[in-house]
file run23.tsv (TSV, C-alpha atoms and all ligand atoms)
chain	number	residue	atom	x	y	z
A	1	MET	CA	106.16	-53.84	112.69
A	2	SER	CA	103.95	-56.93	112.68
A	3	VAL	CA	103.48	-59.40	115.52
A	4	SER	CA	105.70	-62.43	115.02
A	5	SER	CA	103.96	-65.80	114.90
A	6	ALA	CA	106.25	-66.78	117.81
A	7	LEU	CA	104.57	-64.23	120.09
A	8	ALA	CA	102.88	-65.86	123.08
A	9	VAL	CA	101.53	-65.04	126.53
A	10	ARG	CA	102.71	-66.85	129.68
A	11	GLN	CA	103.30	-66.41	133.40
A	12	ALA	CA	106.23	-64.09	134.11
A	13	THR	CA	109.48	-65.56	135.42
A	14	MET	CA	112.45	-64.02	137.23
A	15	SER	CA	114.41	-63.74	133.99
A	16	ASP	CA	111.70	-61.37	132.64
A	17	VAL	CA	111.83	-58.89	135.53
A	18	ASP	CA	114.36	-56.38	134.16
A	19	GLN	CA	112.56	-56.15	130.80
A	20	MET	CA	109.18	-55.81	132.56
A	21	LEU	CA	110.53	-52.93	134.65
A	22	GLU	CA	111.95	-51.21	131.58
A	23	ILE	CA	108.55	-51.28	129.82
A	24	ILE	CA	106.49	-50.24	132.88
A	25	ASN	CA	108.81	-47.47	134.05
A	26	HIS	CA	109.14	-46.03	130.54
A	27	TYR	CA	105.42	-45.14	130.73
A	28	ALA	CA	105.55	-44.29	134.44
A	29	GLN	CA	108.04	-41.53	133.61
A	30	GLN	CA	105.37	-40.06	131.31
A	31	GLY	CA	102.77	-40.15	134.12
A	32	LEU	CA	100.71	-42.81	132.32
A	33	MET	CA	101.00	-45.44	135.04
A	34	LEU	CA	102.49	-46.02	138.48
A	35	PRO	CA	106.21	-46.84	138.65
A	36	ARG	CA	107.35	-50.22	139.95
A	37	THR	CA	110.47	-51.15	141.88
A	38	LYS	CA	112.39	-54.35	141.25
A	39	LEU	CA	111.40	-55.52	144.74
A	40	SER	CA	107.69	-54.98	144.11
A	41	VAL	CA	107.78	-56.88	140.79
A	42	CYS	CA	109.74	-59.76	142.37
A	43	GLU	CA	107.40	-59.91	145.37
A	44	HIS	CA	104.32	-60.04	143.12
A	45	LEU	CA	105.84	-62.09	140.28
A	46	GLN	CA	103.18	-64.81	140.54
A	47	SER	CA	100.50	-62.26	139.65
A	48	PHE	CA	102.24	-61.09	136.45
A	49	ILE	CA	101.99	-62.34	132.88
A	50	VAL	CA	104.12	-61.34	129.89
A	51	ALA	CA	103.75	-61.34	126.13
A	52	HIS	CA	107.05	-62.50	124.68
A	53	ASP	CA	108.70	-63.17	121.37
A	54	GLY	CA	111.34	-65.74	122.28
A	55	GLU	CA	113.51	-64.15	124.98
A	56	LYS	CA	112.18	-60.67	124.30
A	57	VAL	CA	109.39	-59.37	126.53
A	58	VAL	CA	107.04	-57.07	124.57
A	59	GLY	CA	104.19	-56.67	127.03
A	60	VAL	CA	103.37	-57.05	130.70
A	61	ALA	CA	100.29	-57.06	132.93
A	62	GLY	CA	99.37	-58.07	136.47
A	63	LEU	CA	96.23	-59.23	138.25
A	64	HIS	CA	95.66	-58.13	141.83
A	65	ILE	CA	92.81	-59.74	143.76
A	66	LEU	CA	90.94	-57.13	145.79
A	67	TRP	CA	87.96	-59.00	147.11
A	68	GLU	CA	86.03	-62.24	146.61
A	69	ASP	CA	84.31	-60.89	143.51
A	70	LEU	CA	86.82	-58.32	142.25
A	71	ALA	CA	90.34	-58.35	140.77
A	72	GLU	CA	92.22	-55.41	139.27
A	73	ILE	CA	94.40	-55.36	136.17
A	74	ARG	CA	97.60	-53.50	137.03
A	75	SER	CA	100.82	-52.43	135.31
A	76	LEU	CA	99.53	-53.14	131.81
A	77	ALA	CA	102.09	-51.92	129.28
A	78	ILE	CA	103.18	-52.81	125.78
A	79	ALA	CA	106.67	-52.01	124.43
A	80	GLU	CA	106.64	-48.93	122.17
A	81	GLY	CA	107.43	-50.82	118.95
A	82	THR	CA	104.67	-53.37	119.59
A	83	LYS	CA	101.72	-51.09	120.42
A	84	GLY	CA	98.56	-51.26	118.30
A	85	LEU	CA	99.06	-54.87	117.20
A	86	GLY	CA	96.55	-56.57	119.48
A	87	VAL	CA	99.01	-57.56	122.22
A	88	GLY	CA	97.42	-55.39	124.92
A	89	LYS	CA	94.00	-56.91	124.24
A	90	GLN	CA	95.53	-60.40	124.28
A	91	LEU	CA	97.01	-59.76	127.75
A	92	VAL	CA	93.76	-58.32	129.12
A	93	LEU	CA	91.70	-61.25	127.81
A	94	TYR	CA	94.23	-63.68	129.32
A	95	LEU	CA	93.73	-62.04	132.74
A	96	VAL	CA	89.94	-62.02	132.31
A	97	ASP	CA	90.23	-65.76	131.67
A	98	GLN	CA	92.36	-66.13	134.82
A	99	CYS	CA	89.60	-64.37	136.79
A	100	ARG	CA	87.07	-66.77	135.31
A	101	GLY	CA	89.23	-69.74	136.31
A	102	LEU	CA	89.59	-68.38	139.84
A	103	GLY	CA	85.84	-67.86	140.18
A	104	ILE	CA	86.14	-64.05	140.39
A	105	LYS	CA	83.12	-62.34	138.87
A	106	ARG	CA	84.44	-58.86	137.98
A	107	THR	CA	87.67	-57.48	136.52
A	108	LEU	CA	88.54	-53.84	137.26
A	109	SER	CA	90.80	-51.33	135.57
A	110	LEU	CA	91.63	-47.82	136.77
A	111	THR	CA	92.83	-46.22	133.58
A	112	TYR	CA	93.17	-43.32	131.14
A	113	GLN	CA	92.73	-45.76	128.22
A	114	LYS	CA	88.91	-45.77	128.06
A	115	GLU	CA	88.56	-46.71	124.37
A	116	PHE	CA	91.07	-49.54	124.64
A	117	PHE	CA	89.28	-51.10	127.63
A	118	GLU	CA	85.89	-50.67	125.92
A	119	LYS	CA	87.31	-52.78	123.07
A	120	CYS	CA	88.18	-55.38	125.72
A	121	GLY	CA	84.57	-55.51	126.98
A	122	PHE	CA	84.88	-53.11	129.96
A	123	LYS	CA	82.30	-50.47	130.92
A	124	VAL	CA	82.77	-47.26	132.89
A	125	VAL	CA	81.48	-47.41	136.48
A	126	ALA	CA	81.15	-44.79	139.21
A	127	LYS	CA	84.22	-44.83	141.45
A	128	GLU	CA	81.94	-44.41	144.45
A	129	ALA	CA	80.42	-47.83	143.69
A	130	LEU	CA	83.76	-49.59	144.26
A	131	PRO	CA	84.75	-51.05	147.63
A	132	GLN	CA	87.10	-48.87	149.73
A	133	LYS	CA	89.79	-51.52	149.51
A	134	VAL	CA	90.36	-50.48	145.88
A	135	TRP	CA	91.91	-47.22	147.09
A	136	LYS	CA	94.33	-48.76	149.61
A	137	ASP	CA	97.39	-48.39	147.38
A	138	CYS	CA	96.46	-44.88	146.22
A	139	ILE	CA	98.21	-43.55	149.31
A	140	ASN	CA	101.49	-44.01	147.38
A	141	CYS	CA	100.28	-42.08	144.33
A	142	SER	CA	101.22	-38.44	143.70
A	143	LYS	CA	97.85	-37.92	141.97
A	144	LEU	CA	95.84	-38.89	145.06
A	145	PRO	CA	94.22	-35.50	145.74
A	146	MET	CA	93.09	-35.07	142.11
A	147	CYS	CA	92.79	-38.59	140.71
A	148	ASP	CA	91.45	-38.45	137.15
A	149	GLU	CA	91.64	-42.14	136.31
A	150	ILE	CA	88.48	-43.78	134.96
A	151	ALA	CA	87.11	-46.86	136.73
A	152	MET	CA	86.04	-49.60	134.31
A	153	ILE	CA	84.70	-53.08	134.97
A	154	ARG	CA	84.16	-56.20	132.89
A	155	GLU	CA	81.57	-58.58	134.29
A	156	ILE	CA	82.56	-62.22	133.78
A	201	LIG	C1	97.03	-49.03	126.28
A	201	LIG	C2	97.84	-50.21	125.75
A	201	LIG	C3	98.04	-51.21	126.85
A	201	LIG	C4	97.04	-50.83	124.59
A	201	LIG	O1	97.76	-51.98	124.12
A	201	LIG	P1	97.92	-52.21	122.54
A	201	LIG	O2	98.59	-53.49	122.32
A	201	LIG	O3	98.58	-51.00	121.97
A	201	LIG	O4	96.39	-52.25	122.06
A	201	LIG	P2	95.71	-53.32	121.08
A	201	LIG	O5	96.48	-53.33	119.79
A	201	LIG	O6	95.56	-54.62	121.77
A	201	LIG	O7	94.29	-52.65	120.86
A	201	LIG	C5	93.05	-53.33	121.04
A	201	LIG	C6	91.95	-52.44	120.50
A	201	LIG	O8	91.94	-51.20	121.24
A	201	LIG	C7	92.15	-50.09	120.36
A	201	LIG	N1	93.06	-49.14	121.03
A	201	LIG	C8	94.26	-49.40	121.57
A	201	LIG	N2	94.79	-48.27	122.12
A	201	LIG	C9	93.87	-47.30	121.92
A	201	LIG	C10	93.82	-45.92	122.25
A	201	LIG	N3	94.82	-45.30	122.91
A	201	LIG	N4	92.72	-45.21	121.89
A	201	LIG	C11	91.70	-45.81	121.22
A	201	LIG	N5	91.69	-47.13	120.88
A	201	LIG	C12	92.76	-47.85	121.23
A	201	LIG	C13	92.81	-50.68	119.13
A	201	LIG	O9	92.56	-49.89	117.98
A	201	LIG	C14	92.16	-52.06	119.04
A	201	LIG	O10	90.88	-51.94	118.45
A	201	LIG	P3	90.26	-53.15	117.56
A	201	LIG	O11	90.07	-54.31	118.52
A	201	LIG	O12	88.98	-52.58	117.04
A	201	LIG	O13	91.28	-53.44	116.50
A	201	LIG	C15	99.22	-49.75	125.19
A	201	LIG	O14	99.02	-48.79	124.18
A	201	LIG	C16	100.17	-49.19	126.22
A	201	LIG	O15	101.00	-49.90	126.76
A	201	LIG	N6	100.06	-47.85	126.52
A	201	LIG	C17	100.95	-47.19	127.45
A	201	LIG	C18	100.78	-47.63	128.88
A	201	LIG	C19	99.34	-47.50	129.36
A	201	LIG	O16	98.69	-46.48	129.18
A	201	LIG	N7	98.86	-48.58	129.99
A	201	LIG	C20	97.50	-48.69	130.48
A	201	LIG	C21	97.48	-48.57	131.95
A	201	LIG	S1	95.82	-48.91	132.56
call {"tool": "encode", "arguments": {"input": "run23.tsv", "output": "structure tokens"}}
result
Amino acid sequence: MSVSSALAVRQATMSDVDQMLEIINHYAQQGLMLPRTKLSVCEHLQSFIVAHDGEKVVGVAGLHILWEDLAEIRSLAIAEGTKGLGVGKQLVLYLVDQCRGLGIKRTLSLTYQKEFFEKCGFKVVAKEALPQKVWKDCINCSKLPMCDEIAMIREI
């Protein structure tokens, strides 16, 4: 499958929510990312962007501000049929640009996708170097005692 020329990135809207949940929770079931409820996506809708081809959502990502100089990319997922076509990188670079616009100096990802984030300009950092606030939401994660995610940062 190739990316249609109609594919674009924009802020998410309420009419995208069900498709966003379908994409995110598909990978959450495989243990690749945290699941999301409809309530949590609706509550945080302003922080989400989508890649879409007309009405069809093919990718989703969110930006969560953690501190004055740090924002985290969350819930990044590309629909199965659209992976490997540059859409994930497009979403990440869009959020990096948002950080730049907001005056936030560092973008964080906690991920298993090291090579992908390296291609997006991120570098591995020691988890211990991150502020404690980063771990606030980990309380809800089943992997908390043995977290094996890699912390990666892109300086802006
Ligand atoms: C990880 C994910 C977001 C990547 O999005 P994508 O659209 O498939 O990736 P892109 O096509 O934009 O890839 C950008 C670059 O990264 C590379 N890349 C992508 N996935 C990779 C992987 N798993 N391993 C190594 N390299 C990878 C691509 O080859 C490409 O390299 P290039 O710039 O030299 O051509 C997507 O595969 C996905 O949704 N995975 C499942 C959910 C997930 O793991 N989310 C991440 C949570 S942090």
call {"tool": "axis_aligned_box", "arguments": {"input": "run23.tsv", "around": "ligand LIG 201 (chain A)", "padding_each_side": "4 Å", "output": "lines of an AutoDock Vina configuration file"}}
result
center_x = 95.0
center_y = -49.9
center_z = 124.5
size_x = 20.0
size_y = 17.4
size_z = 24.1
call {"tool": "closest_atom_pairs", "arguments": {"input": "run23.tsv", "of": "chain A", "to": "ligand LIG 201 (chain A)", "cutoff": "6 Å", "atoms": "only C-alpha atoms and all ligand atoms", "output": "CSV"}}
result
residue,atom,partner,partner_atom,distance
A:Tyr27,CA,A:LIG201,C18,5.6
A:Leu32,CA,A:LIG201,O16,5.2
A:Met33,CA,A:LIG201,C21,5.6
A:Leu76,CA,A:LIG201,N7,5.0
A:Ala77,CA,A:LIG201,O15,3.4
A:Ile78,CA,A:LIG201,O15,3.8
A:Lys83,CA,A:LIG201,O3,3.5
A:Gly84,CA,A:LIG201,O5,3.3
A:Leu85,CA,A:LIG201,O5,4.0
A:Gly86,CA,A:LIG201,O6,3.2
A:Val87,CA,A:LIG201,O2,4.1
A:Gly88,CA,A:LIG201,O2,3.4
A:Lys89,CA,A:LIG201,O6,3.7
A:Thr111,CA,A:LIG201,S1,4.1
A:Gln113,CA,A:LIG201,N3,5.7
A:Glu115,CA,A:LIG201,C11,4.5
A:Phe116,CA,A:LIG201,O8,3.9
A:Lys119,CA,A:LIG201,O8,5.2
call {"tool": "residues_around", "arguments": {"input": "run23.tsv", "residues": "Ile24 in chain A", "least_positions_apart": "2", "cutoff": "10 Å", "atoms": "all atoms listed in the file", "output": "ChimeraX atom specification"}}
result
/A:19-22,26-29,32-37,59-61,75-79
call {"tool": "closest_residue", "arguments": {"input": "run23.tsv", "among": "A:Val125, A:Leu45, A:Cys99, A:Leu110", "to": "Arg74 in chain A", "atoms": "only C-alpha atoms"}}
result
A:Leu110
call {"tool": "residues_near_point", "arguments": {"input": "run23.tsv", "point": "(84.8, -48.2, 126.5)", "cutoff": "12 Å", "atoms": "all atoms listed in the file", "output": "PyMOL selection string"}}
result
chain A and resi 109+111-125+150-154
call {"tool": "write_last_selection", "arguments": {"input": "run23.tsv", "atoms": "C-alpha atoms", "output": "PDB file, in the coordinates of the input"}}
result
ATOM      1  CA  SER A 109      90.800 -51.330 135.570  1.00  0.00           C
ATOM      2  CA  THR A 111      92.830 -46.220 133.580  1.00  0.00           C
ATOM      3  CA  TYR A 112      93.170 -43.320 131.140  1.00  0.00           C
ATOM      4  CA  GLN A 113      92.730 -45.760 128.220  1.00  0.00           C
ATOM      5  CA  LYS A 114      88.910 -45.770 128.060  1.00  0.00           C
ATOM      6  CA  GLU A 115      88.560 -46.710 124.370  1.00  0.00           C
ATOM      7  CA  PHE A 116      91.070 -49.540 124.640  1.00  0.00           C
ATOM      8  CA  PHE A 117      89.280 -51.100 127.630  1.00  0.00           C
ATOM      9  CA  GLU A 118      85.890 -50.670 125.920  1.00  0.00           C
ATOM     10  CA  LYS A 119      87.310 -52.780 123.070  1.00  0.00           C
ATOM     11  CA  CYS A 120      88.180 -55.380 125.720  1.00  0.00           C
ATOM     12  CA  GLY A 121      84.570 -55.510 126.980  1.00  0.00           C
ATOM     13  CA  PHE A 122      84.880 -53.110 129.960  1.00  0.00           C
ATOM     14  CA  LYS A 123      82.300 -50.470 130.920  1.00  0.00           C
ATOM     15  CA  VAL A 124      82.770 -47.260 132.890  1.00  0.00           C
ATOM     16  CA  VAL A 125      81.480 -47.410 136.480  1.00  0.00           C
ATOM     17  CA  ILE A 150      88.480 -43.780 134.960  1.00  0.00           C
ATOM     18  CA  ALA A 151      87.110 -46.860 136.730  1.00  0.00           C
ATOM     19  CA  MET A 152      86.040 -49.600 134.310  1.00  0.00           C
ATOM     20  CA  ILE A 153      84.700 -53.080 134.970  1.00  0.00           C
ATOM     21  CA  ARG A 154      84.160 -56.200 132.890  1.00  0.00           C
TER      22      ARG A 154
END
call {"tool": "closest_residue", "arguments": {"input": "run23.tsv", "among": "A:Gln46, A:Lys127, A:Ala6, A:Gln90", "to": "Asp148 in chain A", "atoms": "only C-alpha atoms"}}
result
A:Lys127
call {"tool": "closest_residue", "arguments": {"input": "run23.tsv", "among": "A:Gly103, A:Gly62, A:Gly81, A:Pro131", "to": "His44 in chain A", "atoms": "all atoms listed in the file"}}
result
A:Gly62
call {"tool": "atom_distance", "arguments": {"input": "run23.tsv", "atom1": "CA of Ala51 in chain A", "atom2": "CA of Met14 in chain A"}}
result
14.4 Å
call {"tool": "closest_residue", "arguments": {"input": "run23.tsv", "among": "A:His64, A:Lys133, A:Ile104, A:Asp53", "to": "Thr82 in chain A", "atoms": "all atoms listed in the file"}}
result
A:Asp53
call {"tool": "atom_distance", "arguments": {"input": "run23.tsv", "atom1": "CA of Asp97 in chain A", "atom2": "CA of Ile156 in chain A"}}
result
8.7 Å
call {"tool": "atom_distance", "arguments": {"input": "run23.tsv", "atom1": "CA of Cys147 in chain A", "atom2": "CA of Ala12 in chain A"}}
result
29.6 Å
call {"tool": "closest_residue", "arguments": {"input": "run23.tsv", "among": "A:Val92, A:Leu70, A:Cys141, A:Ala129", "to": "Leu108 in chain A", "atoms": "all atoms listed in the file"}}
result
A:Leu70
call {"tool": "closest_residue", "arguments": {"input": "run23.tsv", "among": "A:Val17, A:Leu95, A:Val57, A:Ala8", "to": "Glu80 in chain A", "atoms": "only C-alpha atoms"}}
result
A:Val57
call {"tool": "decode", "arguments": {"input": "run23.tsv", "residues": "range 45-58 of chain A", "atoms": "N, CA, C and O atoms", "output": "JSON list (two decimals), in the first residue's frame"}}
result
[["chain", "number", "residue", "atom", "x", "y", "z"],
["A", 45, "LEU", "N", -8.35, 15.18, 24.35],
["A", 45, "LEU", "CA", -8.45, 15.31, 22.88],
["A", 45, "LEU", "C", -7.58, 16.44, 22.33],
["A", 45, "LEU", "O", -6.97, 16.32, 21.27],
["A", 46, "GLN", "N", -7.50, 17.55, 23.09],
["A", 46, "GLN", "CA", -6.72, 18.70, 22.59],
["A", 46, "GLN", "C", -5.24, 18.36, 22.43],
["A", 46, "GLN", "O", -4.52, 19.07, 21.72],
["A", 47, "SER", "N", -4.77, 17.30, 23.10],
["A", 47, "SER", "CA", -3.34, 16.99, 23.02],
["A", 47, "SER", "C", -3.05, 15.96, 21.91],
["A", 47, "SER", "O", -1.91, 15.59, 21.71],
["A", 48, "PHE", "N", -4.10, 15.51, 21.21],
["A", 48, "PHE", "CA", -3.91, 14.48, 20.18],
["A", 48, "PHE", "C", -3.90, 15.05, 18.77],
["A", 48, "PHE", "O", -4.63, 15.99, 18.46],
["A", 49, "ILE", "N", -3.08, 14.41, 17.92],
["A", 49, "ILE", "CA", -3.12, 14.68, 16.48],
["A", 49, "ILE", "C", -3.42, 13.37, 15.76],
["A", 49, "ILE", "O", -3.21, 12.28, 16.32],
["A", 50, "VAL", "N", -3.92, 13.48, 14.54],
["A", 50, "VAL", "CA", -4.14, 12.27, 13.73],
["A", 50, "VAL", "C", -3.57, 12.47, 12.33],
["A", 50, "VAL", "O", -3.49, 13.60, 11.84],
["A", 51, "ALA", "N", -3.17, 11.35, 11.72],
["A", 51, "ALA", "CA", -2.89, 11.33, 10.29],
["A", 51, "ALA", "C", -4.14, 10.75, 9.67],
["A", 51, "ALA", "O", -4.66, 9.73, 10.15],
["A", 52, "HIS", "N", -4.66, 11.39, 8.63],
["A", 52, "HIS", "CA", -5.93, 10.92, 8.07],
["A", 52, "HIS", "C", -5.87, 10.98, 6.54],
["A", 52, "HIS", "O", -5.13, 11.78, 5.95],
["A", 53, "ASP", "N", -6.67, 10.09, 5.97],
["A", 53, "ASP", "CA", -6.85, 10.08, 4.52],
["A", 53, "ASP", "C", -8.34, 10.29, 4.32],
["A", 53, "ASP", "O", -9.11, 9.34, 4.45],
["A", 54, "GLY", "N", -8.75, 11.51, 4.11],
["A", 54, "GLY", "CA", -10.18, 11.82, 4.10],
["A", 54, "GLY", "C", -10.75, 11.57, 5.49],
["A", 54, "GLY", "O", -10.22, 12.04, 6.48],
["A", 55, "GLU", "N", -11.81, 10.76, 5.55],
["A", 55, "GLU", "CA", -12.47, 10.45, 6.84],
["A", 55, "GLU", "C", -11.71, 9.38, 7.62],
["A", 55, "GLU", "O", -11.97, 9.18, 8.81],
["A", 56, "LYS", "N", -10.81, 8.68, 6.94],
["A", 56, "LYS", "CA", -10.17, 7.53, 7.58],
["A", 56, "LYS", "C", -8.93, 7.94, 8.37],
["A", 56, "LYS", "O", -8.01, 8.54, 7.82],
["A", 57, "VAL", "N", -8.94, 7.59, 9.67],
["A", 57, "VAL", "CA", -7.77, 7.86, 10.51],
["A", 57, "VAL", "C", -6.78, 6.71, 10.34],
["A", 57, "VAL", "O", -7.14, 5.55, 10.50],
["A", 58, "VAL", "N", -5.52, 7.03, 10.01],
["A", 58, "VAL", "CA", -4.51, 5.98, 9.81],
["A", 58, "VAL", "C", -3.37, 6.05, 10.82],
["A", 58, "VAL", "O", -2.51, 5.18, 10.85]]
